[in-house]
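Engineer: If it helps, the file is called target02.cif and holds mmCIF, C-alpha atoms:
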data_model
#
loop_
_atom_site.label_atom_id
_atom_site.label_comp_id
_atom_site.auth_asym_id
_atom_site.auth_seq_id
_atom_site.Cartn_x
_atom_site.Cartn_y
_atom_site.Cartn_z
CA MET A 1 59.56 -48.34 -17.15
CA SER A 2 61.31 -50.03 -14.23
CA LEU A 3 62.09 -53.74 -14.40
CA PRO A 4 58.97 -55.64 -13.21
CA SER A 5 59.15 -58.70 -10.99
CA SER A 6 59.23 -62.15 -12.56
CA ILE A 7 55.84 -63.65 -13.48
CA PRO A 8 55.32 -67.44 -13.72
CA MET A 9 54.87 -68.80 -17.28
CA CYS A 10 55.84 -65.42 -18.77
CA PRO A 11 58.92 -65.28 -21.04
CA PRO A 12 61.65 -63.17 -19.39
CA GLY A 13 61.39 -59.55 -20.46
CA LEU A 14 57.72 -59.67 -21.43
CA GLU A 15 56.58 -58.84 -17.90
CA TYR A 16 56.36 -55.21 -19.06
CA LEU A 17 53.45 -56.15 -21.34
CA THR A 18 51.22 -57.78 -18.72
CA SER A 19 49.82 -54.51 -17.38
CA ILE A 20 49.38 -52.47 -20.57
CA ASP A 21 46.89 -52.38 -23.43
CA GLN A 22 48.69 -49.93 -25.70
CA LEU A 23 52.15 -49.42 -27.19
CA LEU A 24 53.60 -46.50 -29.12
CA VAL A 25 56.33 -47.19 -31.68
CA HIS A 26 58.52 -44.31 -32.88
CA GLN A 27 61.05 -44.76 -35.64
CA LYS A 28 64.30 -42.85 -35.32
CA VAL A 29 65.04 -40.29 -38.02
CA GLU A 30 68.24 -41.23 -39.86
CA ILE A 31 69.90 -38.07 -41.19
CA LEU A 32 71.95 -39.88 -43.85
CA GLU A 33 68.83 -41.58 -45.19
CA ALA A 34 66.82 -38.35 -45.19
CA LEU A 35 69.51 -36.46 -47.11
CA THR A 36 70.62 -39.11 -49.58
CA GLY A 37 67.86 -41.73 -49.79
CA PHE A 38 70.45 -44.36 -48.86
CA GLU A 39 68.59 -46.97 -46.81
CA THR A 40 70.05 -47.43 -43.33
CA LYS A 41 69.14 -49.87 -40.55
CA ASN A 42 65.83 -48.97 -39.00
CA LYS A 43 65.79 -48.21 -35.28
CA PHE A 44 62.72 -47.79 -33.09
CA THR A 45 61.73 -46.83 -29.57
CA VAL A 46 58.74 -48.60 -28.03
CA LYS A 47 56.88 -46.70 -25.30
CA ASN A 48 53.80 -47.16 -23.16
CA SER A 49 50.79 -44.83 -23.30
CA VAL A 50 52.38 -42.29 -20.93
CA GLY A 51 55.62 -42.10 -22.87
CA GLN A 52 57.83 -44.34 -20.75
CA LYS A 53 60.38 -46.30 -22.75
CA VAL A 54 59.65 -50.03 -22.71
CA TYR A 55 61.89 -51.43 -25.45
CA LYS A 56 64.12 -50.43 -28.32
CA ALA A 57 64.28 -52.30 -31.61
CA VAL A 58 67.13 -52.52 -34.12
CA GLU A 59 66.98 -53.98 -37.63
CA ASP A 60 69.75 -56.44 -38.48
CA ASN A 61 70.72 -57.07 -42.11
CA ASP A 62 73.35 -55.96 -44.62
CA CYS A 63 73.65 -52.82 -46.70
CA LEU A 64 73.23 -54.60 -50.04
CA THR A 65 70.01 -56.31 -48.96
CA ARG A 66 68.48 -53.07 -47.64
CA ASN A 67 69.19 -51.04 -50.77
CA CYS A 68 68.52 -53.72 -53.40
CA CYS A 69 65.41 -55.39 -51.97
CA GLY A 70 63.79 -52.26 -50.55
CA PRO A 71 60.50 -52.85 -48.68
CA LEU A 72 60.57 -56.57 -49.53
CA ARG A 73 63.94 -57.09 -47.84
CA PRO A 74 64.41 -59.93 -45.36
CA PHE A 75 65.63 -58.94 -41.92
CA ASP A 76 66.07 -59.95 -38.33
CA MET A 77 65.09 -57.50 -35.64
CA LYS A 78 66.38 -57.46 -32.09
CA ILE A 79 64.06 -56.03 -29.44
CA LEU A 80 65.95 -55.03 -26.29
CA ASP A 81 64.78 -53.97 -22.85
CA ASN A 82 66.06 -50.93 -20.98
CA PHE A 83 69.08 -52.94 -19.80
CA ASP A 84 70.02 -53.96 -23.37
CA ASN A 85 68.91 -57.56 -22.86
CA GLN A 86 67.39 -59.04 -26.00
CA VAL A 87 63.88 -60.15 -25.06
CA ILE A 88 62.23 -60.64 -28.47
CA HIS A 89 63.64 -61.74 -31.82
CA LEU A 90 61.84 -61.20 -35.13
CA ASN A 91 62.69 -62.90 -38.42
CA ARG A 92 61.21 -61.84 -41.74
CA PRO A 93 62.19 -64.08 -44.67
CA LEU A 94 62.36 -62.88 -48.26
CA ALA A 95 58.94 -63.25 -49.90
CA CYS A 96 56.44 -61.56 -52.21
CA ASP A 97 53.52 -59.39 -51.17
CA SER A 98 51.49 -59.53 -54.38
CA CYS A 99 48.12 -61.23 -54.85
CA CYS A 100 49.66 -62.72 -58.02
CA PHE A 101 51.87 -64.99 -55.87
CA PRO A 102 49.56 -66.49 -53.21
CA CYS A 103 51.99 -69.29 -52.37
CA CYS A 104 54.85 -66.95 -51.36
CA LEU A 105 53.37 -64.18 -49.22
CA GLN A 106 54.84 -62.26 -46.30
CA SER A 107 55.40 -63.74 -42.85
CA MET A 108 57.32 -63.05 -39.67
CA ASP A 109 58.40 -65.43 -36.92
CA VAL A 110 58.52 -64.21 -33.33
CA SER A 111 60.55 -65.77 -30.53
CA SER A 112 60.94 -64.83 -26.87
CA PRO A 113 63.46 -65.32 -25.49
CA PRO A 114 65.44 -65.70 -28.75
CA GLY A 115 65.16 -69.28 -29.95
CA ASN A 116 61.84 -69.95 -28.20
CA HIS A 117 59.10 -69.70 -30.83
CA ILE A 118 55.97 -67.99 -29.47
CA GLY A 119 54.04 -67.14 -32.63
CA LYS A 120 54.04 -65.74 -36.14
CA ILE A 121 52.31 -63.35 -38.49
CA GLU A 122 51.22 -64.56 -41.93
CA GLN A 123 49.84 -62.53 -44.82
CA GLU A 124 46.64 -63.96 -46.32
CA TRP A 125 45.83 -63.86 -50.00
CA SER A 126 43.57 -60.89 -50.72
CA ILE A 127 42.90 -58.62 -53.68
CA LEU A 128 41.36 -55.46 -52.20
CA LYS A 129 42.55 -55.17 -48.61
CA PRO A 130 45.72 -56.38 -46.86
CA LYS A 131 44.93 -59.23 -44.48
CA PHE A 132 47.01 -61.13 -41.93
CA VAL A 133 46.58 -63.78 -39.27
CA ILE A 134 48.36 -63.93 -35.93
CA LYS A 135 49.18 -67.47 -34.82
CA ASP A 136 50.41 -68.85 -31.51
CA HIS A 137 53.26 -71.30 -30.93
CA ASN A 138 50.93 -74.20 -31.84
CA ASP A 139 50.19 -72.62 -35.25
CA GLU A 140 46.61 -71.87 -34.18
CA VAL A 141 44.99 -68.63 -35.35
CA VAL A 142 44.44 -66.26 -32.41
CA LEU A 143 43.69 -62.94 -34.11
CA LYS A 144 43.22 -61.49 -37.58
CA ILE A 145 44.33 -58.16 -39.01
CA GLU A 146 42.57 -56.29 -41.79
CA GLY A 147 44.00 -53.16 -43.36
CA PRO A 148 42.34 -50.41 -45.40
CA PHE A 149 41.90 -50.38 -49.16
CA CYS A 150 44.24 -47.36 -49.32
CA THR A 151 47.29 -47.28 -47.06
CA LEU A 152 48.26 -43.67 -47.81
CA SER A 153 48.08 -40.89 -45.21
CA ILE A 154 45.66 -38.49 -46.89
CA CYS A 155 45.28 -34.94 -45.54
CA GLY A 156 46.91 -35.78 -42.23
CA SER A 157 44.80 -38.81 -41.40
CA ASP A 158 45.98 -41.95 -39.58
CA VAL A 159 46.09 -45.29 -41.41
CA GLU A 160 44.36 -48.00 -39.39
CA PHE A 161 44.73 -51.77 -39.51
CA LYS A 162 41.92 -53.40 -37.51
CA VAL A 163 42.77 -56.26 -35.15
CA LEU A 164 39.89 -58.73 -35.15
CA SER A 165 38.89 -61.80 -33.15
CA LYS A 166 39.87 -65.10 -34.74
CA ASP A 167 36.41 -65.46 -36.32
CA GLY A 168 36.80 -61.98 -37.84
CA GLU A 169 33.55 -60.76 -36.28
CA HIS A 170 34.73 -58.39 -33.54
CA GLU A 171 37.32 -55.60 -33.47
CA VAL A 172 39.54 -56.04 -30.41
CA GLY A 173 42.35 -53.61 -31.18
CA LYS A 174 44.22 -51.86 -33.94
CA ILE A 175 47.61 -51.05 -35.38
CA TYR A 176 47.69 -47.55 -36.79
CA LYS A 177 50.25 -45.32 -38.45
CA GLN A 178 50.04 -41.83 -37.03
CA TRP A 179 50.38 -38.74 -39.19
CA ALA A 180 53.82 -37.37 -38.29
CA GLY A 181 53.64 -33.93 -39.93
CA ILE A 182 54.12 -32.80 -43.51
CA LEU A 183 57.93 -32.40 -43.38
CA ARG A 184 58.60 -35.72 -41.67
CA GLU A 185 56.22 -37.53 -44.03
CA ALA A 186 57.75 -35.91 -47.11
CA LEU A 187 61.44 -36.22 -46.28
CA THR A 188 61.74 -39.44 -44.28
CA ASP A 189 60.16 -42.86 -43.77
CA ALA A 190 60.55 -42.53 -39.99
CA ASP A 191 57.03 -43.36 -38.91
CA HIS A 192 55.01 -43.28 -35.70
CA PHE A 193 52.68 -46.17 -34.85
CA GLY A 194 50.20 -47.03 -32.15
CA ILE A 195 49.12 -50.53 -31.12
CA THR A 196 46.09 -51.34 -28.96
CA PHE A 197 45.04 -54.76 -27.69
CA PRO A 198 42.96 -56.26 -24.86
CA MET A 199 44.56 -55.95 -21.44
CA ASP A 200 44.02 -59.67 -20.78
CA LEU A 201 45.51 -60.84 -24.09
CA ASP A 202 48.21 -63.49 -23.69
CA VAL A 203 51.46 -61.59 -23.20
CA ARG A 204 53.09 -63.66 -25.94
CA MET A 205 50.43 -62.52 -28.42
CA LYS A 206 51.08 -58.91 -27.41
CA ALA A 207 54.69 -59.48 -28.42
CA VAL A 208 53.55 -60.99 -31.74
CA MET A 209 51.35 -57.94 -32.34
CA LEU A 210 54.43 -55.76 -31.87
CA GLY A 211 56.09 -57.86 -34.56
CA ALA A 212 53.03 -57.34 -36.79
CA CYS A 213 53.52 -53.58 -36.48
CA PHE A 214 57.09 -53.86 -37.77
CA LEU A 215 55.99 -56.11 -40.65
CA ILE A 216 53.24 -53.67 -41.65
CA ASP A 217 55.70 -50.78 -41.52
CA ALA A 218 58.16 -52.62 -43.77
CA MET A 219 55.49 -53.64 -46.27
CA PHE A 220 53.50 -50.42 -46.63
CA PHE A 221 55.44 -47.45 -45.28
CA GLU A 222 59.04 -47.99 -46.39
CA LYS A 223 58.13 -47.09 -49.95
CA THR A 224 59.33 -43.80 -51.37
CA GLN A 225 56.13 -43.29 -53.35
CA ASN A 226 54.09 -43.47 -50.15
CA ARG A 227 56.01 -40.54 -48.70
CA SER A 228 55.33 -38.34 -51.69
CA GLN A 229 51.70 -39.38 -52.06
CA SER A 230 51.01 -38.89 -48.35
CA LEU A 231 51.01 -35.14 -48.94
CA ILE A 232 47.85 -35.24 -51.09
#
As structure tokens - that is how I would like this structure written.
Structural biologist:
Amino acid sequence: MSLPSSIPMCPPGLEYLTSIDQLLVHQKVEILEALTGFETKNKFTVKNSVGQKVYKAVEDNDCLTRNCCGPLRPFDMKILDNFDNQVIHLNRPLACDSCCFPCCLQSMDVSSPPGNHIGKIEQEWSILKPKFVIKDHNDEVVLKIEGPFCTLSICGSDVEFKVLSKDGEHEVGKIYKQWAGILREALTDADHFGITFPMDLDVRMKAVMLGACFLIDAMFFEKTQNRSQSLI
């Protein structure tokens, strides 16, 4: 996508998101990781619905953290535009994701431009289904996310996380992991995701939903056992 003109009250670099209601997130296949299982920094390309590149995202942490903490690892993620300007910064602290530890669940802070807090994603305590809330810069709940009971790709199916209104009554979008083919699913954790949201959603919340996609990927689809079980 070409660089859009500046829009009042819109964080620089998020102008791309004002005119779209869908994003596609493709993780780059890392050959070293596929061959050895050695966890490398995740890299992603973010596209619009017609395949135009909007952003690229790069995980930022150290080798020891990636390979010792696995899917629970803390990380920063830089999201860059097509001119390599960082427009969004994500921070995921080290935390649990088990219902046995309700006081220390997953979260992710989102800033745009870096240093300017625009929202966050917080995991809610739940036994059967994964649940999250999306909050704005005032810590007010804007949207909710509810995942499926089973997060495995069974027989080539997509895995959908519903995006709900703040009262939880209406579905307004979704974050879904796309089936990437039997070889890719078996040999790598390089996943494909889609994100849909209302066209008129606050552009800052669209950026937070992009962060939610990366958090969901880290929590549920970085696990080796998911890759093997996804072939069932």
Engineer: At what distance in Å, to one decimal, does CA of Leu128 (chain A) lie from CA of Met77 (chain A)?
Structural biologist: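 CA of Leu128 (chain A) lies 29.0 Å from CA of Met77 (chain A).
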Engineer: Selection in question (the file shown): the PyMOL selection byres ((chain A and resi 19) around 12). Which residues does it include, as an mmCIF file with C-alpha atoms, in the coordinates of the input?
Structural biologist:
data_model
loop_
_atom_site.group_PDB
_atom_site.id
_atom_site.type_symbol
_atom_site.label_atom_id
_atom_site.label_comp_id
_atom_site.auth_asym_id
_atom_site.auth_seq_id
_atom_site.Cartn_x
_atom_site.Cartn_y
_atom_site.Cartn_z
ATOM 1 C CA MET A 1 59.560 -48.340 -17.150
ATOM 2 C CA PRO A 4 58.970 -55.640 -13.210
ATOM 3 C CA ILE A 7 55.840 -63.650 -13.480
ATOM 4 C CA LEU A 14 57.720 -59.670 -21.430
ATOM 5 C CA GLU A 15 56.580 -58.840 -17.900
ATOM 6 C CA TYR A 16 56.360 -55.210 -19.060
ATOM 7 C CA LEU A 17 53.450 -56.150 -21.340
ATOM 8 C CA THR A 18 51.220 -57.780 -18.720
ATOM 9 C CA ILE A 20 49.380 -52.470 -20.570
ATOM 10 C CA ASP A 21 46.890 -52.380 -23.430
ATOM 11 C CA GLN A 22 48.690 -49.930 -25.700
ATOM 12 C CA LEU A 23 52.150 -49.420 -27.190
ATOM 13 C CA ASN A 48 53.800 -47.160 -23.160
ATOM 14 C CA SER A 49 50.790 -44.830 -23.300
ATOM 15 C CA PHE A 197 45.040 -54.760 -27.690
ATOM 16 C CA PRO A 198 42.960 -56.260 -24.860
ATOM 17 C CA MET A 199 44.560 -55.950 -21.440
ATOM 18 C CA ASP A 200 44.020 -59.670 -20.780
ATOM 19 C CA LEU A 201 45.510 -60.840 -24.090
ATOM 20 C CA ASP A 202 48.210 -63.490 -23.690
ATOM 21 C CA VAL A 203 51.460 -61.590 -23.200
ATOM 22 C CA LYS A 206 51.080 -58.910 -27.410
#
Engineer: Could you check which of A:Lys53, A:Pro12, A:Lys144, A:Asp84 is closest to Val25 (chain A), using only C-alpha atoms?
Structural biologist: A:Lys53
Engineer: Point out the residue among A:Leu72, A:Gly194, A:Ile121, A:His137 with the least atom-to-atom distance to Glu160 (chain A), counting all atoms listed in the file.
Structural biologist: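 Of the candidates, the smallest distance to Glu160 (chain A) is held by A:Gly194.
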Engineer: Could you expand the PyMOL selection byres ((chain A and resi 81) around 9) into the explicit residues it covers here, written as a list in words?
Structural biologist: Leu3, Gly13, Lys53, Val54, Tyr55, Lys56, Ala57, Ile79, Leu80, Asn82, Phe83, Asp84, Asn85, Gln86 and Val87 of chain A
Engineer: Could you check which of A:Tyr176, A:Phe214, A:Phe132, A:Phe220 is closest to Phe161 (chain A), using all atoms listed in the file?
Structural biologist: A:Tyr176
Engineer: Select, counting all atoms listed in the file, all protein, DNA and RNA residues no farther than 9 Å from (40.2, -50.4, -43.4) in file coordinates, and express the selection as a VMD selection string.
Structural biologist: chain A and resid 129 to 130 146 to 151 159 to 162
Engineer: Deliver the residues from the most recent selection as a file, using C-alpha atoms, as a compact mmCIF listing (two decimals), in the coordinates of the input.
Structural biologist:
# COMPACT_ATOMS: atom_id res chain seq x y z
CA LYS A 129 42.55 -55.17 -48.61
CA PRO A 130 45.72 -56.38 -46.86
CA GLU A 146 42.57 -56.29 -41.79
CA GLY A 147 44.00 -53.16 -43.36
CA PRO A 148 42.34 -50.41 -45.40
CA PHE A 149 41.90 -50.38 -49.16
CA CYS A 150 44.24 -47.36 -49.32
CA THR A 151 47.29 -47.28 -47.06
CA VAL A 159 46.09 -45.29 -41.41
CA GLU A 160 44.36 -48.00 -39.39
CA PHE A 161 44.73 -51.77 -39.51
CA LYS A 162 41.92 -53.40 -37.51
Engineer: Could you build a table of the residues in region 17-98 of chain A lying no more than 7 Å from region 111-119 of chain A, giving for each the nearest pair of atoms and their separation in Å rounded to one decimal place, using all atoms listed in the file, ordered by chain and ascending residue number, as a tab-separated table?
Structural biologist:
residue	atom	partner	partner_atom	distance
A:Val87	CA	A:Pro113	CA	5.2
A:Ile88	CA	A:Ser112	CA	4.7
A:His89	CA	A:Ser111	CA	5.2
A:Leu90	CA	A:Ser111	CA	6.6
Engineer: Just the selected residues (C-alpha atoms), exported as a PDB file, in the frame of the given file, please.
Structural biologist:
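Output below, filename result03.pdb:
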ATOM      1  CA  VAL A  87      63.880 -60.150 -25.060  1.00  0.00           C
ATOM      2  CA  ILE A  88      62.230 -60.640 -28.470  1.00  0.00           C
ATOM      3  CA  HIS A  89      63.640 -61.740 -31.820  1.00  0.00           C
ATOM      4  CA  LEU A  90      61.840 -61.200 -35.130  1.00  0.00           C
TER       5      LEU A  90
END
Engineer: One decimal, in Å: what's the spacing between CA of Lys41 (chain A) and CA of Pro71 (chain A)?
Structural biologist: 12.2 Å
Engineer: Measure the distance from CA of Ile127 (chain A) to CA of Ser157 (chain A) in Å and round it to one decimal.
Structural biologist: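 Going from CA of Ile127 (chain A) over to CA of Ser157 (chain A) covers 23.4 Å.
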Engineer: Got a sec: who's within 7 Å of Arg73 (chain A), counting all atoms listed in the file, leaving out chain neighbours fewer than 6 positions off, as an MDAnalysis selection string?
Structural biologist: chainID A and resid 65:66 94
Engineer: With all atoms listed in the file as the basis for distance, which of A:His170, A:Lys78, A:Lys47, A:Lys135 is at the shortest distance from Val208 (chain A)?
Structural biologist: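 Between A:His170, A:Lys78, A:Lys47, A:Lys135, the residue approaching Val208 (chain A) most closely is A:Lys135.
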Engineer: Write out all heavy atoms for region 63-74 of chain A, as an mmCIF file, keeping the file's coordinate frame.
Structural biologist:
data_model
loop_
_atom_site.group_PDB
_atom_site.id
_atom_site.type_symbol
_atom_site.label_atom_id
_atom_site.label_comp_id
_atom_site.auth_asym_id
_atom_site.auth_seq_id
_atom_site.Cartn_x
_atom_site.Cartn_y
_atom_site.Cartn_z
ATOM 1 N N CYS A 63 73.892 -54.009 -45.882
ATOM 2 C CA CYS A 63 73.650 -52.820 -46.700
ATOM 3 C C CYS A 63 73.108 -53.180 -48.085
ATOM 4 O O CYS A 63 72.181 -52.541 -48.584
ATOM 5 C CB CYS A 63 74.949 -52.031 -46.824
ATOM 6 S SG CYS A 63 74.867 -50.591 -47.896
ATOM 7 N N LEU A 64 73.651 -54.203 -48.713
ATOM 8 C CA LEU A 64 73.230 -54.600 -50.040
ATOM 9 C C LEU A 64 71.774 -55.036 -50.048
ATOM 10 O O LEU A 64 70.998 -54.651 -50.928
ATOM 11 C CB LEU A 64 74.127 -55.735 -50.562
ATOM 12 C CG LEU A 64 73.879 -56.188 -52.002
ATOM 13 C CD1 LEU A 64 74.162 -55.055 -52.981
ATOM 14 C CD2 LEU A 64 74.743 -57.406 -52.332
ATOM 15 N N THR A 65 71.389 -55.832 -49.059
ATOM 16 C CA THR A 65 70.010 -56.310 -48.960
ATOM 17 C C THR A 65 69.047 -55.137 -48.799
ATOM 18 O O THR A 65 68.004 -55.070 -49.458
ATOM 19 C CB THR A 65 69.854 -57.273 -47.780
ATOM 20 O OG1 THR A 65 70.685 -58.418 -48.004
ATOM 21 C CG2 THR A 65 68.415 -57.730 -47.626
ATOM 22 N N ARG A 66 69.365 -54.202 -47.908
ATOM 23 C CA ARG A 66 68.480 -53.070 -47.640
ATOM 24 C C ARG A 66 68.244 -52.231 -48.886
ATOM 25 O O ARG A 66 67.120 -51.798 -49.157
ATOM 26 C CB ARG A 66 69.055 -52.168 -46.535
ATOM 27 C CG ARG A 66 68.996 -52.766 -45.151
ATOM 28 C CD ARG A 66 69.244 -51.695 -44.090
ATOM 29 N NE ARG A 66 70.503 -50.981 -44.299
ATOM 30 C CZ ARG A 66 71.681 -51.393 -43.874
ATOM 31 N NH1 ARG A 66 71.773 -52.536 -43.226
ATOM 32 N NH2 ARG A 66 72.778 -50.688 -44.073
ATOM 33 N N ASN A 67 69.303 -51.973 -49.661
ATOM 34 C CA ASN A 67 69.190 -51.040 -50.770
ATOM 35 C C ASN A 67 68.798 -51.698 -52.091
ATOM 36 O O ASN A 67 68.372 -51.013 -53.012
ATOM 37 C CB ASN A 67 70.497 -50.268 -50.918
ATOM 38 C CG ASN A 67 70.692 -49.256 -49.802
ATOM 39 O OD1 ASN A 67 70.142 -48.172 -49.840
ATOM 40 N ND2 ASN A 67 71.464 -49.624 -48.793
ATOM 41 N N CYS A 68 68.925 -53.020 -52.176
ATOM 42 C CA CYS A 68 68.520 -53.720 -53.400
ATOM 43 C C CYS A 68 67.101 -54.272 -53.304
ATOM 44 O O CYS A 68 66.350 -54.257 -54.284
ATOM 45 C CB CYS A 68 69.492 -54.858 -53.716
ATOM 46 S SG CYS A 68 71.124 -54.291 -54.223
ATOM 47 N N CYS A 69 66.724 -54.758 -52.129
ATOM 48 C CA CYS A 69 65.410 -55.390 -51.970
ATOM 49 C C CYS A 69 64.339 -54.425 -51.482
ATOM 50 O O CYS A 69 63.146 -54.741 -51.573
ATOM 51 C CB CYS A 69 65.511 -56.573 -51.005
ATOM 52 S SG CYS A 69 66.608 -57.884 -51.593
ATOM 53 N N GLY A 70 64.750 -53.269 -50.961
ATOM 54 C CA GLY A 70 63.790 -52.260 -50.550
ATOM 55 C C GLY A 70 62.803 -52.764 -49.515
ATOM 56 O O GLY A 70 63.173 -53.463 -48.564
ATOM 57 N N PRO A 71 61.504 -52.458 -49.681
ATOM 58 C CA PRO A 71 60.500 -52.850 -48.680
ATOM 59 C C PRO A 71 60.243 -54.346 -48.607
ATOM 60 O O PRO A 71 59.608 -54.804 -47.667
ATOM 61 C CB PRO A 71 59.244 -52.095 -49.136
ATOM 62 C CG PRO A 71 59.461 -51.839 -50.590
ATOM 63 C CD PRO A 71 60.926 -51.635 -50.768
ATOM 64 N N LEU A 72 60.747 -55.112 -49.573
ATOM 65 C CA LEU A 72 60.570 -56.570 -49.530
ATOM 66 C C LEU A 72 61.742 -57.265 -48.843
ATOM 67 O O LEU A 72 61.752 -58.492 -48.736
ATOM 68 C CB LEU A 72 60.434 -57.124 -50.957
ATOM 69 C CG LEU A 72 59.134 -56.795 -51.702
ATOM 70 C CD1 LEU A 72 59.178 -57.384 -53.101
ATOM 71 C CD2 LEU A 72 57.926 -57.312 -50.947
ATOM 72 N N ARG A 73 62.701 -56.505 -48.349
ATOM 73 C CA ARG A 73 63.940 -57.090 -47.840
ATOM 74 C C ARG A 73 63.693 -58.014 -46.639
ATOM 75 O O ARG A 73 62.864 -57.719 -45.787
ATOM 76 C CB ARG A 73 64.924 -56.006 -47.452
ATOM 77 C CG ARG A 73 64.482 -55.124 -46.287
ATOM 78 C CD ARG A 73 65.514 -54.027 -46.069
ATOM 79 N NE ARG A 73 65.210 -53.154 -44.953
ATOM 80 C CZ ARG A 73 64.536 -52.021 -45.064
ATOM 81 N NH1 ARG A 73 64.067 -51.661 -46.254
ATOM 82 N NH2 ARG A 73 64.322 -51.256 -44.006
ATOM 83 N N PRO A 74 64.446 -59.105 -46.577
ATOM 84 C CA PRO A 74 64.410 -59.930 -45.360
ATOM 85 C C PRO A 74 65.211 -59.245 -44.262
ATOM 86 O O PRO A 74 66.141 -58.486 -44.538
ATOM 87 C CB PRO A 74 65.087 -61.228 -45.812
ATOM 88 C CG PRO A 74 66.045 -60.793 -46.875
ATOM 89 C CD PRO A 74 65.376 -59.636 -47.585
#
